[in-house]
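Engineer: To be precise about what I am sending: the file is called work_11.cif and holds mmCIF, C-alpha atoms.
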```
data_run
loop_
_atom_site.label_atom_id
_atom_site.label_comp_id
_atom_site.auth_asym_id
_atom_site.auth_seq_id
_atom_site.Cartn_x
_atom_site.Cartn_y
_atom_site.Cartn_z
CA MET A 21 -76.82 249.65 41.05
CA LYS A 22 -79.08 247.97 43.56
CA THR A 23 -78.80 245.26 46.21
CA SER A 24 -81.55 243.71 48.30
CA PHE A 25 -82.61 240.43 49.88
CA ARG A 26 -85.73 238.72 51.13
CA LYS A 27 -86.20 235.89 53.58
CA TYR A 28 -88.25 233.11 52.00
CA SER A 29 -87.98 230.26 54.52
CA ARG A 30 -86.04 228.68 57.39
CA LYS A 31 -84.08 225.44 57.65
CA ASN A 32 -82.27 223.93 60.63
CA GLY A 33 -82.90 227.07 62.65
CA GLN A 34 -81.38 229.38 60.04
CA ASP A 35 -82.95 231.88 57.65
CA LEU A 36 -83.02 231.10 53.94
CA CYS A 37 -82.66 234.25 51.85
CA GLU A 38 -82.82 235.24 48.20
CA ILE A 39 -80.34 238.01 47.38
CA SER A 40 -80.79 240.34 44.40
CA LEU A 41 -78.09 242.27 42.53
CA GLU A 42 -79.10 244.71 39.78
CA ASN A 43 -77.09 246.98 37.51
CA ASN A 44 -78.11 250.19 35.72
CA GLN A 45 -78.65 248.30 32.46
CA GLY A 46 -81.51 246.29 33.98
CA MET A 47 -79.57 243.04 34.37
CA LYS A 48 -80.60 241.20 37.54
CA VAL A 49 -78.90 238.36 39.37
CA LYS A 50 -80.46 236.30 42.16
CA ILE A 51 -78.34 234.34 44.64
CA LEU A 52 -79.38 232.05 47.49
CA ASN A 53 -77.53 231.82 50.78
CA TYR A 54 -78.44 228.12 50.63
CA GLY A 55 -75.29 226.70 49.04
CA ALA A 56 -74.02 230.13 47.89
CA THR A 57 -76.14 229.31 44.86
CA LEU A 58 -76.48 231.31 41.65
CA GLU A 59 -80.24 231.03 41.19
CA LYS A 60 -81.07 233.30 38.26
CA VAL A 61 -79.28 235.51 35.72
CA LEU A 62 -81.89 237.75 34.10
CA LEU A 63 -81.00 239.63 30.92
CA ASP A 64 -83.94 241.54 29.46
CA SER A 65 -86.05 239.49 31.93
CA GLU A 66 -84.87 236.27 30.25
CA ASP A 67 -83.07 233.69 32.41
CA MET A 68 -79.60 232.77 31.12
CA ILE A 69 -79.25 229.72 33.37
CA LEU A 70 -81.30 226.70 34.43
CA SER A 71 -83.34 227.54 37.52
CA LEU A 72 -85.86 225.66 39.62
CA ASN A 73 -89.45 226.84 39.92
CA SER A 74 -88.92 228.57 43.27
CA PRO A 75 -86.16 229.30 45.82
CA GLU A 76 -87.85 226.89 48.25
CA ASP A 77 -87.19 223.99 45.86
CA TYR A 78 -83.40 224.19 46.15
CA SER A 79 -83.28 222.83 49.70
CA LYS A 80 -85.88 220.10 49.10
CA GLU A 81 -83.74 217.84 46.91
CA ARG A 82 -80.08 218.05 45.92
CA ASN A 83 -79.72 219.10 42.29
CA PHE A 84 -76.45 221.13 42.12
CA LEU A 85 -78.09 223.89 40.06
CA GLY A 86 -75.86 226.95 40.54
CA GLY A 87 -74.42 225.66 43.80
CA THR A 88 -70.97 226.18 45.26
CA VAL A 89 -70.15 222.47 45.34
CA GLY A 90 -67.36 221.28 47.63
CA ARG A 91 -65.20 220.51 49.33
CA ILE A 92 -64.55 218.55 46.14
CA CYS A 93 -66.73 218.95 43.06
CA GLY A 94 -66.44 215.72 41.13
CA ARG A 95 -65.33 212.22 41.93
CA VAL A 96 -62.52 210.76 44.05
CA ARG A 97 -61.58 207.18 43.23
CA LEU A 98 -62.50 204.79 46.05
CA GLY A 99 -63.11 207.89 48.17
CA GLN A 100 -59.42 207.76 49.07
CA TRP A 101 -56.67 210.33 49.35
CA LYS A 102 -53.10 209.12 49.73
CA HIS A 103 -50.65 211.53 51.33
CA GLY A 104 -47.21 210.00 51.91
CA ASN A 105 -47.84 206.63 53.52
CA GLN A 106 -51.18 207.67 54.95
CA ILE A 107 -54.51 206.92 53.23
CA TYR A 108 -57.53 208.99 54.26
CA GLN A 109 -61.06 207.73 53.58
CA LEU A 110 -63.97 209.88 52.40
CA PRO A 111 -67.60 208.68 52.24
CA GLN A 112 -68.26 206.40 49.26
CA ASN A 113 -71.49 207.98 48.04
CA ASN A 114 -71.20 207.23 44.30
CA GLY A 115 -70.76 203.48 44.08
CA GLU A 116 -67.28 202.81 45.38
CA ASN A 117 -66.24 206.43 44.77
CA HIS A 118 -66.76 209.77 46.53
CA ILE A 119 -68.58 212.59 44.75
CA HIS A 120 -69.46 216.26 45.30
CA GLY A 121 -68.14 216.48 48.86
CA GLY A 122 -70.71 214.14 50.44
CA ILE A 123 -73.21 216.41 52.17
CA GLY A 124 -71.45 219.25 50.45
CA THR A 125 -71.07 222.99 50.79
CA ASP A 126 -73.92 223.44 48.29
CA MET A 127 -76.27 221.96 50.92
CA LYS A 128 -75.25 224.32 53.72
CA ILE A 129 -76.56 227.73 54.74
CA TRP A 130 -74.05 230.53 54.35
CA ASN A 131 -73.97 233.86 56.17
CA PHE A 132 -73.85 236.92 53.94
CA LYS A 133 -73.49 240.68 53.68
CA LEU A 134 -74.34 243.07 50.86
CA LYS A 135 -72.32 245.95 49.42
CA ASN A 136 -73.45 248.46 46.83
CA SER A 137 -71.61 251.27 45.01
CA GLU A 138 -71.81 253.24 41.76
CA GLN A 139 -69.50 250.68 40.15
CA GLU A 140 -70.93 247.35 41.32
CA SER A 141 -73.44 245.50 43.43
CA ARG A 142 -71.99 242.68 45.50
CA VAL A 143 -72.73 239.94 47.98
CA ASP A 144 -70.15 238.21 50.19
CA LEU A 145 -71.09 234.81 51.59
CA PHE A 146 -69.29 232.99 54.42
CA LEU A 147 -69.21 229.39 55.61
CA PHE A 148 -67.34 227.59 58.39
CA ASP A 149 -66.86 223.90 57.55
CA PRO A 150 -65.61 222.00 60.63
CA ASP A 151 -62.80 219.48 60.83
CA GLY A 152 -64.02 215.94 60.13
CA ASP A 153 -67.21 216.96 58.32
CA ASN A 154 -67.75 214.50 55.45
CA GLY A 155 -64.38 212.97 56.35
CA TYR A 156 -62.33 216.03 55.38
CA LEU A 157 -59.45 217.21 57.52
CA GLY A 158 -59.20 220.73 58.85
CA ASN A 159 -61.44 223.51 60.05
CA MET A 160 -62.06 225.46 56.86
CA LYS A 161 -63.38 228.96 56.29
CA LEU A 162 -64.91 229.70 52.89
CA HIS A 163 -65.69 233.10 51.40
CA ALA A 164 -67.67 233.35 48.14
CA THR A 165 -68.25 236.64 46.34
CA TYR A 166 -70.64 237.49 43.52
CA LYS A 167 -70.23 240.94 41.89
CA LEU A 168 -72.26 242.55 39.10
CA ASP A 169 -71.11 245.67 37.20
CA ASN A 170 -72.64 247.93 34.56
CA GLU A 171 -70.91 246.13 31.69
CA ASN A 172 -72.93 242.99 32.50
CA ASN A 173 -69.93 241.26 34.05
CA LEU A 174 -70.90 238.80 36.76
CA SER A 175 -67.81 237.71 38.67
CA TYR A 176 -67.50 234.86 41.13
CA LYS A 177 -64.61 234.38 43.53
CA LEU A 178 -64.17 231.64 46.10
CA GLU A 179 -61.49 231.90 48.76
CA ALA A 180 -60.77 229.32 51.43
CA VAL A 181 -58.24 228.44 54.11
CA SER A 182 -57.85 225.41 56.39
CA ASP A 183 -55.95 225.02 59.65
CA GLN A 184 -54.79 221.51 58.64
CA LEU A 185 -53.44 219.74 55.59
CA THR A 186 -56.48 218.91 53.46
CA ILE A 187 -57.79 218.46 49.92
CA PHE A 188 -60.00 221.03 48.21
CA ASN A 189 -61.35 221.27 44.66
CA PRO A 190 -64.72 223.07 44.61
CA ALA A 191 -66.64 224.48 41.64
CA ASN A 192 -69.58 226.65 40.83
CA HIS A 193 -72.11 224.28 39.24
CA THR A 194 -74.29 226.63 37.19
CA TYR A 195 -76.04 225.23 34.12
CA PHE A 196 -76.07 227.79 31.29
CA ASN A 197 -78.69 227.84 28.53
CA LEU A 198 -78.86 231.52 27.45
CA GLY A 199 -82.64 231.26 27.28
CA GLU A 200 -82.56 228.23 24.96
CA ARG A 201 -81.31 224.63 25.32
CA ALA A 202 -77.75 223.31 25.32
CA THR A 203 -78.41 221.54 22.01
CA ASP A 204 -79.09 224.92 20.39
CA LEU A 205 -75.95 226.62 21.71
CA LYS A 206 -72.56 227.13 20.11
CA LEU A 207 -69.60 226.41 22.40
CA GLN A 208 -65.99 227.49 22.04
CA LEU A 209 -63.33 226.19 24.45
CA ALA A 210 -59.65 227.14 24.75
CA ALA A 211 -58.68 223.49 25.17
CA ASP A 212 -56.39 221.31 23.06
CA TYR A 213 -56.87 218.24 25.26
CA TYR A 214 -59.71 216.51 27.06
CA LEU A 215 -59.86 213.57 29.49
CA PRO A 216 -61.71 210.43 28.37
CA VAL A 217 -63.49 208.73 31.27
CA GLY A 218 -64.64 205.25 32.26
CA THR A 219 -68.06 203.97 33.17
CA ASP A 220 -67.66 205.53 36.64
CA GLY A 221 -67.00 208.99 35.16
CA LEU A 222 -63.35 209.09 36.26
CA PRO A 223 -60.46 209.60 33.80
CA ASN A 224 -58.78 206.37 32.75
CA GLN A 225 -56.66 207.08 29.66
CA GLY A 226 -54.74 210.27 30.36
CA MET A 227 -55.14 213.31 28.14
CA LYS A 228 -56.26 212.94 24.52
CA ASN A 229 -55.83 215.57 21.84
CA VAL A 230 -59.17 217.00 20.71
CA GLU A 231 -58.06 217.24 17.09
CA ASN A 232 -60.25 215.19 14.72
CA THR A 233 -62.63 214.29 17.57
CA VAL A 234 -66.11 215.49 18.57
CA PHE A 235 -64.40 217.16 21.55
CA ASP A 236 -62.74 219.81 19.39
CA PHE A 237 -64.49 223.05 20.35
CA ARG A 238 -61.48 225.30 19.68
CA GLN A 239 -63.11 227.10 16.75
CA GLY A 240 -66.60 226.89 18.20
CA LYS A 241 -69.43 224.62 17.11
CA LYS A 242 -72.94 223.56 18.06
CA ILE A 243 -73.04 221.36 21.15
CA SER A 244 -75.53 219.17 19.28
CA ALA A 245 -72.75 218.25 16.82
CA ALA A 246 -71.02 216.38 19.65
CA LEU A 247 -74.19 215.00 21.23
CA ASP A 248 -75.53 213.65 17.92
CA SER A 249 -72.28 212.00 16.87
CA ASP A 250 -72.69 208.31 15.93
CA ASP A 251 -69.02 207.41 16.17
CA ASN A 252 -67.98 208.41 19.66
CA SER A 253 -68.10 205.84 22.43
CA GLN A 254 -67.33 208.51 25.05
CA ILE A 255 -70.52 210.45 24.31
CA ASN A 256 -72.55 207.24 24.36
CA LEU A 257 -70.88 206.07 27.57
CA ARG A 258 -71.96 209.18 29.51
CA ASN A 259 -75.17 209.92 27.55
CA GLY A 260 -73.70 213.26 26.52
CA LEU A 261 -70.85 215.52 27.51
CA ASP A 262 -69.52 214.73 30.99
CA HIS A 263 -65.85 215.43 30.44
CA PRO A 264 -62.96 217.59 31.67
CA PHE A 265 -61.20 219.89 29.19
CA ILE A 266 -57.64 221.01 29.96
CA LEU A 267 -57.37 224.75 29.31
CA ASN A 268 -54.42 226.00 27.25
CA GLY A 269 -54.13 229.34 29.07
CA MET A 270 -55.69 231.43 26.32
CA GLN A 271 -58.53 233.74 27.36
CA PRO A 272 -61.44 233.65 27.16
CA ALA A 273 -61.57 230.09 28.42
CA ALA A 274 -65.06 229.55 27.03
CA VAL A 275 -67.60 231.33 24.85
CA LEU A 276 -71.22 230.21 24.72
CA SER A 277 -73.58 231.65 22.10
CA SER A 278 -77.29 231.39 21.34
CA ASN A 279 -79.33 233.09 18.64
CA LYS A 280 -79.85 236.13 20.88
CA HIS A 281 -77.17 236.08 23.56
CA LYS A 282 -73.50 235.43 24.26
CA MET A 283 -71.62 234.54 27.43
CA ILE A 284 -67.84 234.99 27.59
CA MET A 285 -66.06 233.21 30.46
CA THR A 286 -62.59 233.81 31.88
CA THR A 287 -61.08 231.91 34.80
CA ASN A 288 -57.84 231.13 36.61
CA ALA A 289 -58.76 227.42 36.78
CA PRO A 290 -56.66 224.87 34.84
CA ALA A 291 -59.67 222.96 33.51
CA ILE A 292 -63.37 223.16 32.73
CA VAL A 293 -65.63 220.16 33.32
CA THR A 294 -68.60 220.14 30.92
CA TYR A 295 -71.86 218.36 31.64
CA THR A 296 -74.92 218.62 29.42
CA ALA A 297 -77.59 217.94 32.06
CA ASN A 298 -77.65 214.31 30.88
CA HIS A 299 -79.67 212.94 33.80
CA PHE A 300 -82.52 215.46 33.99
CA ASN A 301 -85.90 214.05 32.96
CA HIS A 302 -88.64 216.46 34.13
CA THR A 303 -89.08 214.72 37.50
CA GLY A 304 -88.81 215.76 41.15
CA VAL A 305 -88.29 219.40 42.07
CA ALA A 306 -86.52 219.83 38.71
CA ASN A 307 -89.69 218.92 36.80
CA ASN A 308 -89.16 221.96 34.57
CA ILE A 309 -85.79 220.65 33.32
CA GLY A 310 -85.05 217.93 30.79
CA GLN A 311 -82.01 216.24 29.29
CA TYR A 312 -79.64 218.60 27.43
CA ASP A 313 -81.51 221.72 28.58
CA GLY A 314 -78.28 223.30 29.84
CA ILE A 315 -74.52 222.86 30.16
CA THR A 316 -72.13 223.31 33.06
CA LEU A 317 -68.73 224.92 32.64
CA GLU A 318 -67.20 223.93 35.98
CA ALA A 319 -63.91 225.74 36.54
CA GLN A 320 -61.72 223.46 38.66
CA TYR A 321 -58.73 221.16 38.76
CA PRO A 322 -59.39 218.12 36.57
CA PRO A 323 -60.14 214.84 38.37
CA VAL A 324 -57.29 212.31 38.41
CA GLU A 325 -57.06 208.58 37.81
CA GLY A 326 -55.47 207.58 41.10
CA ILE A 327 -55.68 208.52 44.77
CA GLU A 328 -52.59 210.75 45.03
CA LEU A 329 -54.22 214.17 44.98
CA GLY A 330 -51.22 216.48 45.28
CA GLU A 331 -52.63 219.06 42.87
CA ILE A 332 -55.64 219.73 45.12
CA THR A 333 -53.79 219.41 48.45
CA LEU A 334 -53.79 222.53 50.59
CA LEU A 335 -51.12 223.09 53.22
CA PRO A 336 -52.20 224.49 56.59
CA PHE A 337 -53.22 228.15 56.19
CA GLU A 338 -52.45 228.12 52.45
CA LYS A 339 -54.99 230.35 50.69
CA PHE A 340 -57.16 228.90 47.94
CA GLU A 341 -58.56 231.33 45.37
CA ARG A 342 -60.76 230.53 42.36
CA LYS A 343 -61.81 233.34 40.02
CA ILE A 344 -64.44 233.32 37.28
CA ASN A 345 -65.94 236.13 35.21
CA TRP A 346 -69.01 235.70 33.04
CA ASN A 347 -69.86 238.51 30.64
CA PHE A 348 -73.38 238.47 29.19
CA SER A 349 -74.62 240.26 26.10
#
```
For this file, write the structure as structure tokens.
Structural biologist:
Amino acid sequence: MKTSFRKYSRKNGQDLCEISLENNQGMKVKILNYGATLEKVLLDSEDMILSLNSPEDYSKERNFLGGTVGRICGRVRLGQWKHGNQIYQLPQNNGENHIHGGIGTDMKIWNFKLKNSEQESRVDLFLFDPDGDNGYLGNMKLHATYKLDNENNLSYKLEAVSDQLTIFNPANHTYFNLGERATDLKLQLAADYYLPVGTDGLPNQGMKNVENTVFDFRQGKKISAALDSDDNSQINLRNGLDHPFILNGMQPAAVLSSNKHKMIMTTNAPAIVTYTANHFNHTGVANNIGQYDGITLEAQYPPVEGIELGEITLLPFEKFERKINWNFS
């Protein structure tokens, strides 16, 4: 097992570093302290995720690739959170809605420390997010951990605590492709229900059963079967998959397969939000990425229709903990 890091740049008076974890099987993982970002997952020198051309590109233009996106990953209707009789306002940065935490945690520089043993290589990353930043209540401390073991398990854990009542629903925003494109991959999801969405990407019909729909991935099928469907207005509305799936508690939560590789995902999250890189078009710093080149499996609480956000409300000093394990073969 090996751990190392290199400084590649500076931003806002802080060092930007690329962190490397390596196991005894030759699997390598690269993580940036910019956004606690999963940059590369190299299996037999082949990248299993969508990555930009260089580490420097990640801080040039927001793209969410591999980032720890928060405080909320996803949309909040009208940017509002109603708690009792009080309504709190977040920045409306997606039309009339709030999305991805404003200037989110994926755009901030985290401190880090490395740990290496015979069993695993590990990096711990830390961020202090002050009260009032992006309109969120509470001074919040975040602690993200990436660990790699010799069975090619890459685990991700995010812990957080706030000193005030607040809302929190982050997610790791890695796009997986297993060295191919999302259209070539087979996806299996432990989900009997999904959430249809409106033109703004927010749920508007409650849960719908996946049975007899293109959203039925319970037995596993090619992602292209859903994307190429002629008879689904939801796919057309979002130009691809951009939908929450409600997990049924069975593990693994998701299995992604290519011709050469497989990724098995377990999580303690109640939902997975899928997004098939619908907006990428080989422009900007992501000029090496096109539409449907990868898919996110964002482990989080599903977004809601209204502004009462009890499910993602944290009490003062209540501990938040999100766990994900990705096994690659």
Engineer: Work out how far apart atom CA of A:Gly226 and atom CA of A:Pro323 are and give it in Å to one decimal.
Structural biologist: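 Atom CA of A:Pro323 lies 10.7 Å from atom CA of A:Gly226.
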Engineer: Calculated over only C-alpha atoms, which of the candidates A:Asp64, A:Asp169, A:Glu42, A:Glu76 has the smallest distance to A:Arg30?
Structural biologist: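 Going through A:Asp64, A:Asp169, A:Glu42, A:Glu76 one by one, the smallest distance to A:Arg30 is for A:Glu76.
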Engineer: Could you write out as AutoDock Vina command-line options the box around stretch 278-286 of chain A (axis-aligned, all atoms listed in the file, 3 Å on each side), with centre and edge lengths in Å to one decimal?
Structural biologist:
```
--center_x -71.2 --center_y 233.8 --center_z 25.3 --size_x 23.3 --size_y 10.7 --size_z 19.2
```
Engineer: What separation in Å, quoted to one decimal, exists between atom CA of A:Leu178 and atom CA of A:Thr316?
Structural biologist: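 Answer for the atom CA of A:Leu178 to atom CA of A:Thr316 separation: 17.4 Å.
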Engineer: For atom CA of A:Phe337 and atom CA of A:Glu179, quote the distance in Å rounded to one decimal.
Structural biologist: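 These atoms are spaced 11.7 Å apart.
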Engineer: Hey, which of A:Asn43, A:Thr333, A:Ser24, A:Gln109 ends up closest to A:Thr186? Count only C-alpha atoms.
Structural biologist: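 Of all the options, A:Thr333 lies closest to A:Thr186.
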Engineer: To verify the selection step, state as a PyMOL selection string which residues the PyMOL selection byres ((chain A and resi 81-88) around 6) yields on this input.
Structural biologist: chain A and resi 55-58+79-80+89+126+191-194
Engineer: When the PyMOL selection byres ((chain A and resi 210) around 8) is applied to the file above, which residues end up in the set, as an MDAnalysis selection string?
Structural biologist: chainID A and resid 208:209 211:212 237:238 267:274
